[in-house]
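Shown next: run19.cif, containing mmCIF, C-alpha atoms.
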data_start
#
loop_
_atom_site.group_PDB
_atom_site.id
_atom_site.type_symbol
_atom_site.label_atom_id
_atom_site.label_comp_id
_atom_site.auth_asym_id
_atom_site.auth_seq_id
_atom_site.Cartn_x
_atom_site.Cartn_y
_atom_site.Cartn_z
ATOM 1 C CA MET A 1 -17.049 -2.703 187.115
ATOM 2 C CA ALA A 2 -20.033 -4.070 188.992
ATOM 3 C CA ILE A 3 -19.895 -4.906 192.690
ATOM 4 C CA ILE A 4 -22.413 -7.594 193.668
ATOM 5 C CA LYS A 5 -23.846 -7.600 197.172
ATOM 6 C CA CYS A 6 -26.433 -9.934 198.618
ATOM 7 C CA VAL A 7 -28.029 -7.877 201.370
ATOM 8 C CA THR A 8 -30.200 -9.241 204.153
ATOM 9 C CA SER A 9 -31.017 -6.271 206.349
ATOM 10 C CA GLY A 10 -34.085 -7.553 208.181
ATOM 11 C CA CYS A 11 -36.383 -5.224 206.248
ATOM 12 C CA PRO A 12 -39.903 -6.781 206.001
ATOM 13 C CA MET A 13 -40.941 -7.809 202.505
ATOM 14 C CA ASN A 14 -43.839 -5.354 202.459
ATOM 15 C CA ASN A 15 -41.357 -2.487 203.067
ATOM 16 C CA ILE A 16 -38.596 -3.425 200.627
ATOM 17 C CA PHE A 17 -40.617 -2.761 197.465
ATOM 18 C CA PRO A 18 -41.563 0.848 198.364
ATOM 19 C CA TYR A 19 -37.900 1.435 199.254
ATOM 20 C CA VAL A 20 -36.411 0.304 195.935
ATOM 21 C CA MET A 21 -39.177 1.940 193.881
ATOM 22 C CA ARG A 22 -39.229 5.338 195.634
ATOM 23 C CA ASP A 23 -39.423 8.381 193.356
ATOM 24 C CA GLU A 24 -36.350 10.185 194.696
ATOM 25 C CA ALA A 25 -34.075 7.279 193.710
ATOM 26 C CA THR A 26 -35.466 6.112 190.366
ATOM 27 C CA GLU A 27 -38.365 6.456 187.934
ATOM 28 C CA GLN A 28 -40.996 4.128 186.522
ATOM 29 C CA ARG A 29 -39.187 3.366 183.266
ATOM 30 C CA LEU A 30 -36.245 1.998 185.279
ATOM 31 C CA ILE A 31 -38.369 -0.493 187.233
ATOM 32 C CA SER A 32 -39.155 -3.872 185.682
ATOM 33 C CA GLY A 33 -40.589 -7.199 186.776
ATOM 34 C CA ILE A 34 -39.548 -10.693 185.740
ATOM 35 C CA GLU A 35 -42.332 -13.283 186.097
ATOM 36 C CA CYS A 36 -44.257 -10.625 188.040
ATOM 37 C CA SER A 37 -45.506 -7.052 187.889
ATOM 38 C CA PRO A 38 -43.632 -4.511 190.050
ATOM 39 C CA ASP A 39 -46.917 -2.982 191.257
ATOM 40 C CA THR A 40 -48.272 -6.299 192.539
ATOM 41 C CA ALA A 41 -44.998 -8.125 193.267
ATOM 42 C CA LEU A 42 -45.677 -8.365 197.010
ATOM 43 C CA GLU A 43 -48.949 -10.210 196.497
ATOM 44 C CA GLU A 44 -47.478 -12.397 193.736
ATOM 45 C CA PHE A 45 -44.505 -13.397 195.901
ATOM 46 C CA ARG A 46 -46.851 -14.334 198.739
ATOM 47 C CA PHE A 47 -49.140 -16.340 196.430
ATOM 48 C CA VAL A 48 -46.235 -18.524 195.225
ATOM 49 C CA LYS A 49 -45.037 -19.091 198.801
ATOM 50 C CA LYS A 50 -48.508 -20.109 199.934
ATOM 51 C CA GLN A 51 -48.971 -22.365 196.920
ATOM 52 C CA PHE A 52 -45.874 -24.398 197.855
ATOM 53 C CA GLY A 53 -46.251 -24.083 201.645
ATOM 54 C CA LYS A 54 -43.001 -22.100 201.934
ATOM 55 C CA GLU A 55 -44.169 -19.066 203.911
ATOM 56 C CA ASP A 56 -41.674 -19.449 206.746
ATOM 57 C CA GLY A 57 -38.001 -18.457 206.891
ATOM 58 C CA ARG A 58 -36.361 -16.076 204.473
ATOM 59 C CA THR A 59 -38.954 -14.444 202.249
ATOM 60 C CA TYR A 60 -36.793 -12.726 199.648
ATOM 61 C CA TYR A 61 -33.227 -12.035 198.491
ATOM 62 C CA HIS A 62 -31.945 -8.541 197.865
ATOM 63 C CA PHE A 63 -29.035 -8.178 195.415
ATOM 64 C CA VAL A 64 -27.325 -4.837 194.737
ATOM 65 C CA GLN A 65 -25.280 -4.462 191.554
ATOM 66 C CA SER A 66 -23.190 -1.263 191.793
ATOM 67 C CA PHE A 67 -21.170 0.193 188.903
ATOM 68 C CA ALA A 68 -17.938 2.179 189.115
ATOM 69 C CA PRO A 69 -18.413 5.979 189.011
ATOM 70 C CA ASP A 70 -15.638 6.141 186.401
ATOM 71 C CA ASP A 71 -17.533 3.931 183.944
ATOM 72 C CA ASN A 72 -19.308 5.657 181.062
ATOM 73 C CA LEU A 73 -22.773 4.371 181.861
ATOM 74 C CA THR A 74 -26.345 5.650 181.581
ATOM 75 C CA PRO A 75 -29.180 4.547 183.905
ATOM 76 C CA GLU A 76 -30.880 2.930 180.902
ATOM 77 C CA THR A 77 -27.843 0.778 180.101
ATOM 78 C CA ALA A 78 -27.402 -0.108 183.775
ATOM 79 C CA HIS A 79 -31.019 -1.260 183.867
ATOM 80 C CA GLU A 80 -30.492 -3.368 180.766
ATOM 81 C CA ILE A 81 -27.487 -5.013 182.426
ATOM 82 C CA GLY A 82 -29.545 -5.599 185.568
ATOM 83 C CA MET A 83 -32.255 -7.336 183.558
ATOM 84 C CA ARG A 84 -29.673 -9.575 181.921
ATOM 85 C CA PHE A 85 -28.043 -10.279 185.277
ATOM 86 C CA ALA A 86 -31.442 -11.452 186.553
ATOM 87 C CA GLU A 87 -31.280 -14.244 183.953
ATOM 88 C CA ALA A 88 -28.856 -15.979 186.317
ATOM 89 C CA PHE A 89 -31.943 -16.871 188.416
ATOM 90 C CA PRO A 90 -34.254 -18.802 186.060
ATOM 91 C CA ASP A 91 -37.888 -19.250 187.141
ATOM 92 C CA TYR A 92 -37.627 -16.815 190.063
ATOM 93 C CA GLN A 93 -39.831 -13.735 190.374
ATOM 94 C CA ILE A 94 -37.632 -10.635 190.439
ATOM 95 C CA VAL A 95 -38.157 -6.878 190.561
ATOM 96 C CA VAL A 96 -35.268 -4.892 189.041
ATOM 97 C CA ALA A 97 -34.995 -1.190 189.953
ATOM 98 C CA THR A 98 -32.142 1.055 188.810
ATOM 99 C CA HIS A 99 -31.096 3.902 191.124
ATOM 100 C CA TYR A 100 -29.102 6.944 190.005
ATOM 101 C CA ASN A 101 -29.459 9.138 193.093
ATOM 102 C CA THR A 102 -25.917 8.454 194.349
ATOM 103 C CA ASN A 103 -22.374 8.754 192.979
ATOM 104 C CA SER A 104 -22.604 5.203 191.720
ATOM 105 C CA ILE A 105 -25.442 3.993 189.494
ATOM 106 C CA HIS A 106 -26.718 0.706 190.901
ATOM 107 C CA ASN A 107 -29.400 -1.934 190.411
ATOM 108 C CA HIS A 108 -31.580 -3.400 193.149
ATOM 109 C CA LEU A 109 -32.867 -6.922 192.458
ATOM 110 C CA ILE A 110 -35.571 -8.190 194.830
ATOM 111 C CA MET A 111 -36.058 -11.916 194.289
ATOM 112 C CA ASN A 112 -38.660 -14.272 195.733
ATOM 113 C CA SER A 113 -36.940 -16.932 197.823
ATOM 114 C CA VAL A 114 -39.241 -19.622 196.359
ATOM 115 C CA ASN A 115 -38.873 -20.852 192.780
ATOM 116 C CA LEU A 116 -41.975 -20.223 190.678
ATOM 117 C CA LYS A 117 -41.974 -23.686 189.039
ATOM 118 C CA SER A 118 -40.157 -26.099 191.356
ATOM 119 C CA GLY A 119 -41.264 -24.579 194.657
ATOM 120 C CA LYS A 120 -37.723 -24.984 195.987
ATOM 121 C CA LYS A 121 -36.156 -22.294 198.131
ATOM 122 C CA TYR A 122 -33.058 -20.509 196.828
ATOM 123 C CA HIS A 123 -29.795 -21.332 198.602
ATOM 124 C CA GLN A 124 -26.428 -19.856 197.718
ATOM 125 C CA THR A 125 -22.941 -21.191 198.314
ATOM 126 C CA LYS A 126 -19.594 -19.426 197.966
ATOM 127 C CA GLU A 127 -19.215 -20.978 194.545
ATOM 128 C CA ASP A 128 -22.677 -19.691 193.557
ATOM 129 C CA LEU A 129 -21.560 -16.188 194.520
ATOM 130 C CA MET A 130 -18.376 -16.521 192.488
ATOM 131 C CA GLN A 131 -20.376 -17.657 189.471
ATOM 132 C CA LEU A 132 -22.588 -14.589 189.843
ATOM 133 C CA LYS A 133 -19.499 -12.400 189.953
ATOM 134 C CA ARG A 134 -18.059 -14.015 186.838
ATOM 135 C CA TYR A 135 -21.369 -13.583 185.001
ATOM 136 C CA SER A 136 -21.521 -9.917 186.049
ATOM 137 C CA ASN A 137 -17.944 -9.410 184.811
ATOM 138 C CA GLN A 138 -18.887 -11.011 181.500
ATOM 139 C CA LEU A 139 -21.783 -8.582 181.089
ATOM 140 C CA CYS A 140 -19.571 -5.619 181.988
ATOM 141 C CA GLN A 141 -17.015 -6.658 179.373
ATOM 142 C CA GLU A 142 -19.735 -6.890 176.721
ATOM 143 C CA TYR A 143 -20.725 -3.294 177.488
ATOM 144 C CA GLY A 144 -17.151 -2.007 177.602
ATOM 145 C CA LEU A 145 -17.164 -1.463 181.367
ATOM 146 C CA SER A 146 -14.430 -2.211 183.867
ATOM 147 C CA VAL A 147 -14.399 -5.558 185.664
ATOM 148 C CA THR A 148 -13.516 -6.733 189.164
ATOM 149 C CA GLU A 149 -10.736 -9.165 189.937
ATOM 150 C CA GLU A 150 -11.113 -12.890 190.462
ATOM 151 C CA LYS A 151 -11.280 -13.911 194.091
ATOM 152 C CA CYS A 152 -7.916 -14.355 195.787
ATOM 153 C CA GLN A 153 -6.928 -15.699 199.154
ATOM 154 C CA TYR A 154 -6.344 -13.412 202.114
ATOM 155 C CA SER A 155 -2.832 -11.962 202.210
ATOM 156 C CA LYS A 156 -2.397 -12.539 198.478
ATOM 157 C CA THR A 157 -2.444 -9.606 196.084
ATOM 158 C CA PRO A 158 -3.819 -10.027 192.531
ATOM 159 C CA TRP A 159 -1.135 -9.841 189.841
ATOM 160 C CA TRP A 160 -2.689 -6.800 188.151
ATOM 161 C CA LYS A 161 -2.690 -4.882 191.431
ATOM 162 C CA LYS A 162 0.991 -5.723 192.001
ATOM 163 C CA GLN A 163 1.812 -4.419 188.532
ATOM 164 C CA LEU A 164 -0.201 -1.251 189.129
ATOM 165 C CA ARG A 165 1.489 -0.560 192.465
ATOM 166 C CA GLU A 166 4.989 -1.163 191.086
ATOM 167 C CA LEU A 167 4.371 1.084 188.087
ATOM 168 C CA ALA A 168 2.877 3.857 190.244
ATOM 169 C CA LEU A 169 5.896 3.784 192.565
ATOM 170 C CA THR A 170 8.213 3.941 189.556
ATOM 171 C CA ALA A 171 6.228 6.904 188.247
ATOM 172 C CA LEU A 172 6.656 8.681 191.587
ATOM 173 C CA GLU A 173 10.404 8.144 191.467
ATOM 174 C CA GLN A 174 10.601 9.782 188.042
ATOM 175 C CA SER A 175 7.987 12.560 188.301
ATOM 176 C CA TYR A 176 8.348 16.102 189.604
ATOM 177 C CA THR A 177 4.658 17.024 189.433
ATOM 178 C CA LYS A 178 1.207 15.460 189.590
ATOM 179 C CA GLU A 179 0.801 16.117 185.867
ATOM 180 C CA GLY A 180 4.074 14.330 185.129
ATOM 181 C CA PHE A 181 2.954 11.352 187.214
ATOM 182 C CA ILE A 182 -0.359 11.106 185.338
ATOM 183 C CA GLU A 183 1.413 11.410 181.976
ATOM 184 C CA TYR A 184 3.837 8.620 182.901
ATOM 185 C CA MET A 185 0.952 6.325 183.876
ATOM 186 C CA ASN A 186 -0.952 7.201 180.686
ATOM 187 C CA LEU A 187 2.064 6.358 178.541
ATOM 188 C CA HIS A 188 2.013 2.868 180.042
ATOM 189 C CA GLY A 189 -1.694 2.382 179.333
ATOM 190 C CA TYR A 190 -3.081 3.309 182.774
ATOM 191 C CA LYS A 191 -5.767 5.946 183.281
ATOM 192 C CA VAL A 192 -5.630 8.152 186.382
ATOM 193 C CA ARG A 193 -8.553 10.082 187.840
ATOM 194 C CA TRP A 194 -7.134 12.692 190.219
ATOM 195 C CA GLU A 195 -9.579 15.470 191.058
ATOM 196 C CA ASP A 196 -9.575 18.048 193.847
ATOM 197 C CA ASN A 197 -13.146 17.269 194.913
ATOM 198 C CA HIS A 198 -12.564 13.506 195.131
ATOM 199 C CA LYS A 199 -11.127 11.946 198.267
ATOM 200 C CA TYR A 200 -9.242 9.236 196.390
ATOM 201 C CA VAL A 201 -7.145 8.828 193.258
ATOM 202 C CA SER A 202 -8.589 6.136 190.983
ATOM 203 C CA PHE A 203 -6.520 4.035 188.606
ATOM 204 C CA THR A 204 -7.790 2.044 185.625
ATOM 205 C CA THR A 205 -5.522 -0.672 184.255
ATOM 206 C CA PRO A 206 -5.159 -1.464 180.534
ATOM 207 C CA ASP A 207 -7.520 -4.427 181.022
ATOM 208 C CA ASN A 208 -10.115 -2.248 182.807
ATOM 209 C CA HIS A 209 -9.540 -3.099 186.466
ATOM 210 C CA VAL A 210 -10.431 -0.045 188.568
ATOM 211 C CA CYS A 211 -8.627 0.543 191.851
ATOM 212 C CA ARG A 212 -8.609 3.376 194.398
ATOM 213 C CA ASP A 213 -5.337 4.547 195.900
ATOM 214 C CA LYS A 214 -6.128 3.138 199.353
ATOM 215 C CA SER A 215 -6.882 -0.281 197.840
ATOM 216 C CA LEU A 216 -3.206 -0.522 196.898
ATOM 217 C CA PHE A 217 -2.385 -0.530 200.642
ATOM 218 C CA ASP A 218 0.761 1.525 200.201
ATOM 219 C CA GLU A 219 0.856 4.849 202.035
ATOM 220 C CA ARG A 220 3.133 6.380 199.441
ATOM 221 C CA LEU A 221 0.265 6.136 196.934
ATOM 222 C CA LEU A 222 -2.428 7.782 199.073
ATOM 223 C CA LYS A 223 -3.671 11.028 197.532
ATOM 224 C CA ASP A 224 -2.733 13.269 200.477
ATOM 225 C CA ASN A 225 0.774 11.856 200.663
ATOM 226 C CA MET A 226 1.389 12.104 196.905
ATOM 227 C CA GLU A 227 0.180 15.712 196.881
ATOM 228 C CA ALA A 228 2.532 16.509 199.752
ATOM 229 C CA TYR A 229 5.332 14.728 197.899
ATOM 230 C CA PHE A 230 4.831 16.802 194.754
ATOM 231 C CA LEU A 231 4.411 20.013 196.725
ATOM 232 C CA LEU A 232 7.859 19.329 198.193
ATOM 233 C CA GLY A 233 9.257 18.997 194.673
ATOM 234 C CA GLY A 234 8.669 15.336 193.833
ATOM 235 C CA ALA A 235 11.624 13.476 192.358
ATOM 236 C CA ASP A 236 13.706 16.654 192.349
ATOM 237 C CA THR A 237 14.240 16.778 196.135
ATOM 238 C CA ARG A 238 16.225 15.016 198.831
ATOM 239 C CA PHE A 239 12.850 14.052 200.296
ATOM 240 C CA ALA A 240 12.309 11.725 197.306
ATOM 241 C CA GLU A 241 14.842 9.192 198.603
ATOM 242 C CA ILE A 242 13.199 9.060 202.042
ATOM 243 C CA TYR A 243 9.791 8.750 200.390
ATOM 244 C CA SER A 244 10.797 5.920 198.058
ATOM 245 C CA GLU A 245 12.508 3.935 200.822
ATOM 246 C CA TYR A 246 9.633 4.226 203.290
ATOM 247 C CA GLU A 247 8.060 0.839 204.060
ATOM 248 C CA THR A 248 4.296 0.752 204.506
ATOM 249 C CA PRO A 249 3.133 -1.444 207.417
ATOM 250 C CA VAL A 250 2.005 -4.897 206.294
ATOM 251 C CA HIS A 251 -1.671 -4.959 205.344
ATOM 252 C CA ARG A 252 -3.949 -7.458 207.102
ATOM 253 C CA PRO A 253 -7.072 -8.067 204.979
ATOM 254 C CA ASP A 254 -8.949 -9.471 207.976
ATOM 255 C CA ALA A 255 -8.446 -6.259 209.982
ATOM 256 C CA SER A 256 -11.179 -3.626 210.103
ATOM 257 C CA MET A 257 -8.603 -0.820 210.111
ATOM 258 C CA THR A 258 -4.929 -0.280 209.392
ATOM 259 C CA GLN A 259 -3.474 2.443 211.586
ATOM 260 C CA THR A 260 0.002 3.920 211.317
ATOM 261 C CA SER A 261 1.921 7.055 212.124
ATOM 262 C CA GLY A 262 3.821 6.575 208.841
ATOM 263 C CA LEU A 263 4.300 9.158 206.157
ATOM 264 C CA ILE A 264 2.247 11.915 207.715
ATOM 265 C CA ASN A 265 4.512 11.743 210.742
ATOM 266 C CA LEU A 266 7.531 11.666 208.469
ATOM 267 C CA ILE A 267 6.369 14.778 206.625
ATOM 268 C CA GLY A 268 5.628 16.442 209.930
ATOM 269 C CA ASP A 269 9.117 15.700 211.222
ATOM 270 C CA LEU A 270 10.675 17.100 208.070
ATOM 271 C CA LEU A 271 8.786 20.367 208.448
ATOM 272 C CA THR A 272 9.059 20.859 212.204
ATOM 273 C CA ILE A 273 11.676 20.374 214.872
ATOM 274 C CA ALA A 274 12.449 16.673 214.900
ATOM 275 C CA PRO A 275 12.199 14.918 218.266
ATOM 276 C CA PRO A 276 15.552 14.057 219.890
ATOM 277 C CA GLU A 277 15.056 10.345 219.253
ATOM 278 C CA ALA A 278 14.663 10.818 215.497
ATOM 279 C CA ASP A 279 17.227 8.751 213.594
ATOM 280 C CA TYR A 280 17.531 11.280 210.795
ATOM 281 C CA THR A 281 18.023 15.040 210.512
ATOM 282 C CA PRO A 282 15.290 17.235 208.949
ATOM 283 C CA GLU A 283 17.691 18.722 206.399
ATOM 284 C CA MET A 284 14.895 20.451 204.497
ATOM 285 C CA LEU A 285 13.682 22.734 207.297
ATOM 286 C CA ASP A 286 15.447 25.774 205.877
ATOM 287 C CA GLU A 287 13.928 25.142 202.440
ATOM 288 C CA ILE A 288 10.295 25.224 203.593
ATOM 289 C CA ASN A 289 8.596 28.587 203.967
ATOM 290 C CA PRO A 290 5.444 29.202 206.068
ATOM 291 C CA TYR A 291 3.228 29.400 202.974
ATOM 292 C CA GLU A 292 4.273 25.928 201.777
ATOM 293 C CA LYS A 293 3.868 24.562 205.293
ATOM 294 C CA ALA A 294 0.329 25.983 205.413
ATOM 295 C CA LEU A 295 -0.456 24.357 202.062
ATOM 296 C CA LEU A 296 0.794 21.013 203.329
ATOM 297 C CA GLU A 297 -1.348 21.323 206.446
ATOM 298 C CA LYS A 298 -4.337 22.066 204.252
ATOM 299 C CA ILE A 299 -3.623 18.981 202.136
ATOM 300 C CA LEU A 300 -3.234 16.800 205.209
ATOM 301 C CA GLY A 301 -6.317 18.328 206.840
ATOM 302 C CA LYS A 302 -4.530 18.849 210.145
ATOM 303 C CA ARG A 303 -1.666 20.719 211.754
ATOM 304 C CA ILE A 304 1.652 19.098 211.061
ATOM 305 C CA SER A 305 3.068 17.549 214.219
ATOM 306 C CA PRO A 306 5.220 14.542 215.147
ATOM 307 C CA VAL A 307 2.213 12.835 216.755
ATOM 308 C CA ALA A 308 -0.036 12.857 213.689
ATOM 309 C CA VAL A 309 -1.689 9.520 212.906
ATOM 310 C CA ALA A 310 -2.825 8.256 209.541
ATOM 311 C CA HIS A 311 -5.469 5.556 209.183
ATOM 312 C CA TYR A 312 -7.483 4.123 206.337
ATOM 313 C CA SER A 313 -10.172 1.501 205.904
ATOM 314 C CA THR A 314 -9.203 -1.943 204.685
ATOM 315 C CA GLN A 315 -12.051 -4.435 205.056
ATOM 316 C CA GLU A 316 -14.534 -2.647 202.787
ATOM 317 C CA GLU A 317 -11.944 -2.146 200.078
ATOM 318 C CA TYR A 318 -10.845 -5.769 200.346
ATOM 319 C CA GLU A 319 -14.429 -6.968 199.923
ATOM 320 C CA GLN A 320 -14.892 -4.670 196.948
ATOM 321 C CA SER A 321 -11.684 -5.967 195.380
ATOM 322 C CA GLN A 322 -13.256 -9.420 195.461
ATOM 323 C CA GLY A 323 -16.288 -8.109 193.587
ATOM 324 C CA ILE A 324 -18.716 -9.613 196.077
ATOM 325 C CA SER A 325 -19.664 -8.624 199.582
ATOM 326 C CA MET A 326 -22.229 -10.403 201.716
ATOM 327 C CA ILE A 327 -24.016 -8.612 204.530
ATOM 328 C CA TRP A 328 -26.061 -10.807 206.855
#
What is this structure when it is put down as structure tokens?
Amino acid sequence: MAIIKCVTSGCPMNNIFPYVMRDEATEQRLISGIECSPDTALEEFRFVKKQFGKEDGRTYYHFVQSFAPDDNLTPETAHEIGMRFAEAFPDYQIVVATHYNTNSIHNHLIMNSVNLKSGKKYHQTKEDLMQLKRYSNQLCQEYGLSVTEEKCQYSKTPWWKKQLRELALTALEQSYTKEGFIEYMNLHGYKVRWEDNHKYVSFTTPDNHVCRDKSLFDERLLKDNMEAYFLLGGADTRFAEIYSEYETPVHRPDASMTQTSGLINLIGDLLTIAPPEADYTPEMLDEINPYEKALLEKILGKRISPVAVAHYSTQEEYEQSQGISMIW
């Protein structure tokens, strides 16, 4: 999966090249120039601008092509994909630099805003961005990598994500342990990456869509909540019915944050004295010993109390689900 971002950060053109070519992020063999030399790209960009009298306004475009950490990808292959992706901009001078200093291997493409042959400045529309995304998906498929979903309207969920969420909820209803949940998903063609040192659970669909737990926008499928669920016994407990019937607050894709007291509060109420206004009785109090309660608090990262609040980001994940994010 490759996420495409067109970044305009206000960085001067003479500073952007040292940034993308710095030693701690990449190495010389992973830096290439198209219609220019990386070492002299700044001067070459300026020469073309001066030649066509286009020295004002935006001087360059900065594209970032990021690949999913779960993809089996080397920096060399990522660079090859970046060079092929640059073919979407014929007759533009471009420097392609592949970085592998973060969790996610990614390509930086610095492109002159003025066309080398026509002298016209580059302009991009929403449809241009979608075409770039589709081309990037095509390249990823050729290399056996995961792909991002086609753009959908706000408040609409892609069909593959609906199927994933429904299957994961069914797996929860029938699983007693984390291992059983993963096995159930695997049997239906879905890969699950669930590691202690990762904040999120990642799912990969049979057709290679990759999705984090919080991108499903269902609190029951958040890693902390699922771990608490299985620690309580999973499908083999009275808690399972409460868990399965819980309704996650409606997700608003245009919101910067979704905040709820939801399942963490519910778990807290089950393990502590329920407030008088609670409309259910914490029947499981006698079944929970202090050690299990301490483990749950460790999983949740906080003391269990009826006033606990859960929150998770939405806007970033929504943009990533579209495959393209624009930062101006």
Per residue of stretch 88-191 of chain A within 12 Å of stretch 47-54 of chain A, record the nearest atom pair and its distance in Å to one decimal, counting all atoms listed in the file, with rows in chain order and ascending residue number, as a tab-separated table.
residue	atom	partner	partner_atom	distance
A:Asp91	CA	A:Val48	CA	11.6
A:Tyr92	CA	A:Val48	CA	10.2
A:Gln93	CA	A:Val48	CA	9.4
A:Asn112	CA	A:Lys49	CA	8.6
A:Ser113	CA	A:Lys49	CA	8.4
A:Val114	CA	A:Lys49	CA	6.3
A:Asn115	CA	A:Val48	CA	8.1
A:Leu116	CA	A:Val48	CA	6.5
A:Lys117	CA	A:Val48	CA	9.1
A:Ser118	CA	A:Phe52	CA	8.8
A:Gly119	CA	A:Phe52	CA	5.6
A:Lys120	CA	A:Phe52	CA	8.4
A:Lys121	CA	A:Lys54	CA	7.8
A:Tyr122	CA	A:Lys54	CA	11.3
key: Which of A:Tyr135, A:Phe67, A:Tyr143, A:Tyr190 sits closest to A:His106 [using only C-alpha atoms]   = A:Phe67
Residues near A:Asn186, cut-off 12 Å, all atoms listed in the file, skip fewer than 4 positions along chain, as a list in words =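 These residues fall inside the cut-off: Leu164, Leu167, Ala168, Ala171, Glu179, Gly180, Phe181, Ile182, Tyr190, Lys191, Val192, Arg193, Phe203, Thr204, Thr205 and Pro206 of chain A.
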Contact table stretch 59-120 of chain A vs stretch 15-20 of chain A, cut-off 10 Å, shortest pair per residue, all atoms listed in the file, as JSON lines:
{"residue": "A:Tyr60", "atom": "CA", "partner": "A:Ile16", "partner_atom": "CA", "distance": 9.5}
{"residue": "A:His62", "atom": "CA", "partner": "A:Ile16", "partner_atom": "CA", "distance": 8.8}
{"residue": "A:Val95", "atom": "CA", "partner": "A:Phe17", "partner_atom": "CA", "distance": 8.4}
{"residue": "A:Val96", "atom": "CA", "partner": "A:Val20", "partner_atom": "CA", "distance": 8.7}
{"residue": "A:Ala97", "atom": "CA", "partner": "A:Val20", "partner_atom": "CA", "distance": 6.3}
{"residue": "A:Thr98", "atom": "CA", "partner": "A:Val20", "partner_atom": "CA", "distance": 8.3}
{"residue": "A:His99", "atom": "CA", "partner": "A:Val20", "partner_atom": "CA", "distance": 8.0}
{"residue": "A:Asn107", "atom": "CA", "partner": "A:Val20", "partner_atom": "CA", "distance": 9.2}
{"residue": "A:His108", "atom": "CA", "partner": "A:Val20", "partner_atom": "CA", "distance": 6.7}
{"residue": "A:Leu109", "atom": "CA", "partner": "A:Val20", "partner_atom": "CA", "distance": 8.8}
{"residue": "A:Ile110", "atom": "CA", "partner": "A:Phe17", "partner_atom": "CA", "distance": 7.9}
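Picture a line from atom CA of A:Ser146 to atom CA of A:Val210; it runs 6.5 Å.
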